[in-house]
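Chemist: File name coords20.cif; file contents mmCIF, C-alpha atoms; full text below.
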```
data_model
loop_
_atom_site.group_PDB
_atom_site.id
_atom_site.type_symbol
_atom_site.label_atom_id
_atom_site.label_comp_id
_atom_site.auth_asym_id
_atom_site.auth_seq_id
_atom_site.Cartn_x
_atom_site.Cartn_y
_atom_site.Cartn_z
ATOM 1 C CA MET A 1 3.187 23.719 -23.806
ATOM 2 C CA ASN A 2 0.341 23.088 -26.219
ATOM 3 C CA PRO A 3 -2.542 21.083 -24.798
ATOM 4 C CA GLU A 4 -3.219 17.966 -26.795
ATOM 5 C CA SER A 5 -5.636 15.157 -26.188
ATOM 6 C CA LEU A 6 -4.227 12.003 -24.697
ATOM 7 C CA GLY A 7 -4.244 8.853 -26.749
ATOM 8 C CA ILE A 8 -5.226 5.343 -25.730
ATOM 9 C CA ASN A 9 -1.639 4.459 -24.797
ATOM 10 C CA GLU A 10 -1.342 7.357 -22.355
ATOM 11 C CA TRP A 11 -4.656 6.461 -20.720
ATOM 12 C CA GLN A 12 -3.525 2.851 -20.344
ATOM 13 C CA GLN A 13 -0.326 4.026 -18.671
ATOM 14 C CA ILE A 14 -2.304 6.314 -16.363
ATOM 15 C CA SER A 15 -4.567 3.386 -15.512
ATOM 16 C CA LYS A 16 -1.577 1.213 -14.603
ATOM 17 C CA LEU A 17 -0.085 4.024 -12.533
ATOM 18 C CA LEU A 18 -3.298 4.634 -10.583
ATOM 19 C CA LEU A 19 -3.896 0.928 -10.028
ATOM 20 C CA SER A 20 -0.404 0.507 -8.602
ATOM 21 C CA LEU A 21 -0.852 3.594 -6.455
ATOM 22 C CA TRP A 22 -4.180 2.441 -5.001
ATOM 23 C CA LEU A 23 -2.895 -1.074 -4.356
ATOM 24 C CA THR A 24 0.093 0.424 -2.541
ATOM 25 C CA VAL A 25 -2.242 2.409 -0.292
ATOM 26 C CA ILE A 26 -4.445 -0.628 0.392
ATOM 27 C CA PHE A 27 -1.528 -2.863 1.358
ATOM 28 C CA VAL A 28 0.020 -0.172 3.567
ATOM 29 C CA ILE A 29 -3.315 0.097 5.406
ATOM 30 C CA ILE A 30 -3.405 -3.697 5.823
ATOM 31 C CA PHE A 31 0.170 -3.604 7.145
ATOM 32 C CA ALA A 32 -0.604 -0.807 9.607
ATOM 33 C CA ALA A 33 -3.811 -2.425 10.863
ATOM 34 C CA ASN A 34 -2.128 -5.775 11.502
ATOM 35 C CA MET A 35 0.847 -4.170 13.229
ATOM 36 C CA LEU A 36 -1.435 -2.042 15.385
ATOM 37 C CA LEU A 37 -3.513 -5.032 16.413
ATOM 38 C CA ALA A 38 -0.644 -7.467 16.946
ATOM 39 C CA HIS A 39 1.821 -5.129 18.596
ATOM 40 C CA ASN A 40 -0.375 -2.752 20.600
ATOM 41 C CA ILE A 41 -4.021 -3.663 21.027
ATOM 42 C CA ILE A 42 -3.911 -7.422 21.632
ATOM 43 C CA PRO A 43 -1.108 -7.312 24.247
ATOM 44 C CA SER A 44 -2.883 -4.495 26.070
ATOM 45 C CA LEU A 45 -6.194 -6.341 26.113
ATOM 46 C CA LEU A 46 -4.478 -9.566 27.199
ATOM 47 C CA GLU A 47 -2.751 -7.788 30.067
ATOM 48 C CA SER A 48 -5.988 -6.216 31.261
ATOM 49 C CA LYS A 49 -7.777 -9.567 30.815
ATOM 50 C CA HIS A 50 -10.464 -8.136 28.544
ATOM 51 C CA ILE A 51 -9.896 -10.949 26.049
ATOM 52 C CA PRO A 52 -8.955 -14.605 26.643
ATOM 53 C CA LEU A 53 -5.299 -15.646 26.650
ATOM 54 C CA SER A 54 -5.900 -17.789 23.562
ATOM 55 C CA TRP A 55 -5.944 -14.585 21.494
ATOM 56 C CA GLY A 56 -2.216 -14.282 22.123
ATOM 57 C CA LYS A 57 -1.707 -17.036 19.542
ATOM 58 C CA THR A 58 -3.089 -14.800 16.795
ATOM 59 C CA ARG A 59 -0.209 -12.333 17.093
ATOM 60 C CA LYS A 60 2.331 -14.352 15.083
ATOM 61 C CA PRO A 61 0.050 -14.817 12.046
ATOM 62 C CA MET A 62 -0.794 -11.116 12.202
ATOM 63 C CA TYR A 63 2.894 -10.246 12.139
ATOM 64 C CA ALA A 64 3.316 -12.556 9.141
ATOM 65 C CA VAL A 65 0.433 -10.893 7.315
ATOM 66 C CA ALA A 66 1.897 -7.488 8.133
ATOM 67 C CA ILE A 67 5.333 -8.391 6.775
ATOM 68 C CA ILE A 68 3.880 -9.922 3.628
ATOM 69 C CA SER A 69 1.580 -6.959 2.990
ATOM 70 C CA PHE A 70 4.510 -4.546 3.486
ATOM 71 C CA GLY A 71 6.509 -6.480 0.900
ATOM 72 C CA VAL A 72 3.577 -6.414 -1.520
ATOM 73 C CA ALA A 73 3.160 -2.668 -0.913
ATOM 74 C CA LEU A 74 6.841 -2.151 -1.777
ATOM 75 C CA TYR A 75 6.359 -4.168 -4.958
ATOM 76 C CA PHE A 76 3.401 -2.037 -6.044
ATOM 77 C CA PHE A 77 5.254 1.147 -5.076
ATOM 78 C CA SER A 78 8.080 0.112 -7.384
ATOM 79 C CA GLY A 79 5.383 -0.229 -10.049
ATOM 80 C CA VAL A 80 4.334 3.355 -9.318
ATOM 81 C CA ILE A 81 7.898 4.513 -9.824
ATOM 82 C CA ARG A 82 8.274 2.490 -13.036
ATOM 83 C CA ASN A 83 4.977 3.704 -14.472
ATOM 84 C CA ALA A 84 5.453 7.351 -13.491
ATOM 85 C CA SER A 85 8.280 7.868 -15.984
ATOM 86 C CA PHE A 86 5.864 8.196 -18.913
ATOM 87 C CA LEU A 87 4.384 11.402 -17.456
ATOM 88 C CA LYS A 88 7.267 13.410 -18.928
ATOM 89 C CA SER A 89 6.023 12.642 -22.436
ATOM 90 C CA PHE A 90 2.966 14.882 -22.040
ATOM 91 C CA TRP A 91 3.638 16.767 -18.789
ATOM 92 C CA PRO A 92 7.145 18.264 -18.701
ATOM 93 C CA ASP A 93 6.710 20.058 -15.351
ATOM 94 C CA TYR A 94 6.703 16.933 -13.209
ATOM 95 C CA TRP A 95 6.753 18.556 -9.745
ATOM 96 C CA ILE A 96 3.842 20.975 -10.198
#
```
What does this structure look like when you write it as structure tokens?
Modeler:
Amino acid sequence: MNPESLGINEWQQISKLLLSLWLTVIFVIIFAANMLLAHNIIPSLLESKHIPLSWGKTRKPMYAVAIISFGVALYFFSGVIRNASFLKSFWPDYWI
């Protein structure tokens, strides 16, 4: 394997790959935070009466945001998989 400098096309592909990867991570964090709040924290605080009962109405929108963000994360993860195929052109040992 002879080291060669990467051209503009390879750097653009790397940029797309990293952008998709970071957006996947961001939307997974949004999904996890909304699920944690809506499914664990809010019901617990409602039961112990630390927050008003009106907060129970916020659970359904939080579930919706969680489902949507999970779908968006899957979309960006598919972009990671699509964009990762170019790595073989300059890096033949993919799993190192």
Chemist: Take CA of Leu21 (chain A) and CA of Leu74 (chain A) and report the distance between them in Å, one decimal.
Modeler: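 So the two atoms, CA of Leu21 (chain A) and CA of Leu74 (chain A), lie 10.7 Å apart.
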Chemist: Report the distance between CA of Leu6 (chain A) and CA of Ser89 (chain A) in Å, rounded to one decimal place.
Modeler: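 One can read the CA of Leu6 (chain A) to CA of Ser89 (chain A) distance as 10.5 Å.
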Chemist: Determine the nearest neighbour of Lys88 (chain A) from the options A:Leu36, A:Phe27, A:Glu10, A:His50, counting only C-alpha atoms.
Modeler: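 Smallest separation from Lys88 (chain A) among the options: A:Glu10.
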Chemist: Looking at A:Leu53, A:Val80, A:Ile68, A:Ile8, which one is nearest to Ser20 (chain A), with distances taken over all atoms listed in the file?
Modeler: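 The closest residue to Ser20 (chain A) is A:Val80.
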Chemist: By how many Å are CA of Ile14 (chain A) and CA of Phe31 (chain A) apart?
Modeler: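 Distance reported for this atom pair: 25.6 Å.
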Chemist: What's around Asn34 (chain A) at 10 Å? Count only C-alpha atoms, leave out sequence neighbours fewer than 5 positions away in its own chain, and write the answer as an mmCIF file with C-alpha atoms, in the coordinates of the input.
Modeler:
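Everything below was put into around-v9.cif:
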```
data_model
loop_
_atom_site.group_PDB
_atom_site.id
_atom_site.type_symbol
_atom_site.label_atom_id
_atom_site.label_comp_id
_atom_site.auth_asym_id
_atom_site.auth_seq_id
_atom_site.Cartn_x
_atom_site.Cartn_y
_atom_site.Cartn_z
ATOM 1 C CA VAL A 28 0.020 -0.172 3.567
ATOM 2 C CA ILE A 29 -3.315 0.097 5.406
ATOM 3 C CA HIS A 39 1.821 -5.129 18.596
ATOM 4 C CA ASN A 40 -0.375 -2.752 20.600
ATOM 5 C CA ILE A 41 -4.021 -3.663 21.027
ATOM 6 C CA ARG A 59 -0.209 -12.333 17.093
ATOM 7 C CA PRO A 61 0.050 -14.817 12.046
ATOM 8 C CA MET A 62 -0.794 -11.116 12.202
ATOM 9 C CA TYR A 63 2.894 -10.246 12.139
ATOM 10 C CA ALA A 64 3.316 -12.556 9.141
ATOM 11 C CA VAL A 65 0.433 -10.893 7.315
ATOM 12 C CA ALA A 66 1.897 -7.488 8.133
ATOM 13 C CA ILE A 67 5.333 -8.391 6.775
ATOM 14 C CA SER A 69 1.580 -6.959 2.990
#
```
Chemist: Find the residues around Ile81 (chain A) up to 12 Å (all atoms listed in the file counted), leave out those fewer than 4 positions away in its own chain, and share them as a PDB file with C-alpha atoms, keeping the file's coordinate frame.
Modeler:
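Listing of part_2.pdb after writing:
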```pdb
ATOM      1  CA  LYS A  16      -1.577   1.213 -14.603  1.00  0.00           C
ATOM      2  CA  LEU A  17      -0.085   4.024 -12.533  1.00  0.00           C
ATOM      3  CA  LEU A  18      -3.298   4.634 -10.583  1.00  0.00           C
ATOM      4  CA  SER A  20      -0.404   0.507  -8.602  1.00  0.00           C
ATOM      5  CA  LEU A  21      -0.852   3.594  -6.455  1.00  0.00           C
ATOM      6  CA  THR A  24       0.093   0.424  -2.541  1.00  0.00           C
ATOM      7  CA  LEU A  74       6.841  -2.151  -1.777  1.00  0.00           C
ATOM      8  CA  TYR A  75       6.359  -4.168  -4.958  1.00  0.00           C
ATOM      9  CA  PHE A  76       3.401  -2.037  -6.044  1.00  0.00           C
ATOM     10  CA  PHE A  77       5.254   1.147  -5.076  1.00  0.00           C
ATOM     11  CA  SER A  85       8.280   7.868 -15.984  1.00  0.00           C
ATOM     12  CA  PHE A  86       5.864   8.196 -18.913  1.00  0.00           C
ATOM     13  CA  LEU A  87       4.384  11.402 -17.456  1.00  0.00           C
TER      14      LEU A  87
END
```
Chemist: Using the file's own x, y and z axes, what box holds all listed atoms of region 71-87 of chain A with 3 Å on each side, keeping edges along x, y and z, and what are its centre and edge lengths in Å to one decimal, as JSON?
Modeler:
```
{"center_x": 5.7, "center_y": 2.5, "center_z": -9.0, "size_x": 11.1, "size_y": 23.9, "size_z": 25.8}
```
Chemist: Which is closer to Ala32 (chain A) than all the others in A:Ala73, A:Ala84, A:Ser54, A:Gly79, using only C-alpha atoms?
Modeler: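 Closest to Ala32 (chain A), using only C-alpha atoms: A:Ala73.
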Chemist: Complete region 21-36 of chain A at the level of N, CA and C atoms, written as a short mmCIF file (atom, residue, chain, number, x, y, z; two decimals), in the frame of the given file.
Modeler:
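Output file rebuild-v9.cif follows:
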```
data_model
loop_
_atom_site.label_atom_id
_atom_site.label_comp_id
_atom_site.auth_asym_id
_atom_site.auth_seq_id
_atom_site.Cartn_x
_atom_site.Cartn_y
_atom_site.Cartn_z
N LEU A 21 -0.80 2.66 -7.57
CA LEU A 21 -0.85 3.59 -6.46
C LEU A 21 -1.92 3.19 -5.44
N TRP A 22 -3.11 2.84 -5.92
CA TRP A 22 -4.18 2.44 -5.00
C TRP A 22 -3.86 1.13 -4.30
N LEU A 23 -3.25 0.18 -5.00
CA LEU A 23 -2.90 -1.07 -4.36
C LEU A 23 -1.81 -0.86 -3.30
N THR A 24 -0.91 0.08 -3.55
CA THR A 24 0.09 0.42 -2.54
C THR A 24 -0.59 0.94 -1.28
N VAL A 25 -1.53 1.85 -1.44
CA VAL A 25 -2.24 2.41 -0.29
C VAL A 25 -3.00 1.32 0.46
N ILE A 26 -3.67 0.44 -0.25
CA ILE A 26 -4.44 -0.63 0.39
C ILE A 26 -3.55 -1.54 1.20
N PHE A 27 -2.40 -1.95 0.63
CA PHE A 27 -1.53 -2.86 1.36
C PHE A 27 -0.79 -2.19 2.51
N VAL A 28 -0.56 -0.89 2.43
CA VAL A 28 0.02 -0.17 3.57
C VAL A 28 -1.01 -0.10 4.70
N ILE A 29 -2.27 0.08 4.38
CA ILE A 29 -3.32 0.10 5.41
C ILE A 29 -3.44 -1.28 6.06
N ILE A 30 -3.36 -2.34 5.26
CA ILE A 30 -3.40 -3.70 5.82
C ILE A 30 -2.21 -3.93 6.74
N PHE A 31 -1.02 -3.49 6.31
CA PHE A 31 0.17 -3.60 7.14
C PHE A 31 -0.02 -2.87 8.47
N ALA A 32 -0.46 -1.62 8.39
CA ALA A 32 -0.60 -0.81 9.61
C ALA A 32 -1.66 -1.39 10.55
N ALA A 33 -2.75 -1.86 10.01
CA ALA A 33 -3.81 -2.42 10.86
C ALA A 33 -3.32 -3.68 11.58
N ASN A 34 -2.63 -4.56 10.87
CA ASN A 34 -2.13 -5.78 11.50
C ASN A 34 -1.05 -5.47 12.54
N MET A 35 -0.17 -4.53 12.25
CA MET A 35 0.85 -4.17 13.23
C MET A 35 0.21 -3.53 14.47
N LEU A 36 -0.77 -2.69 14.25
CA LEU A 36 -1.44 -2.04 15.38
C LEU A 36 -2.14 -3.07 16.27
#
```
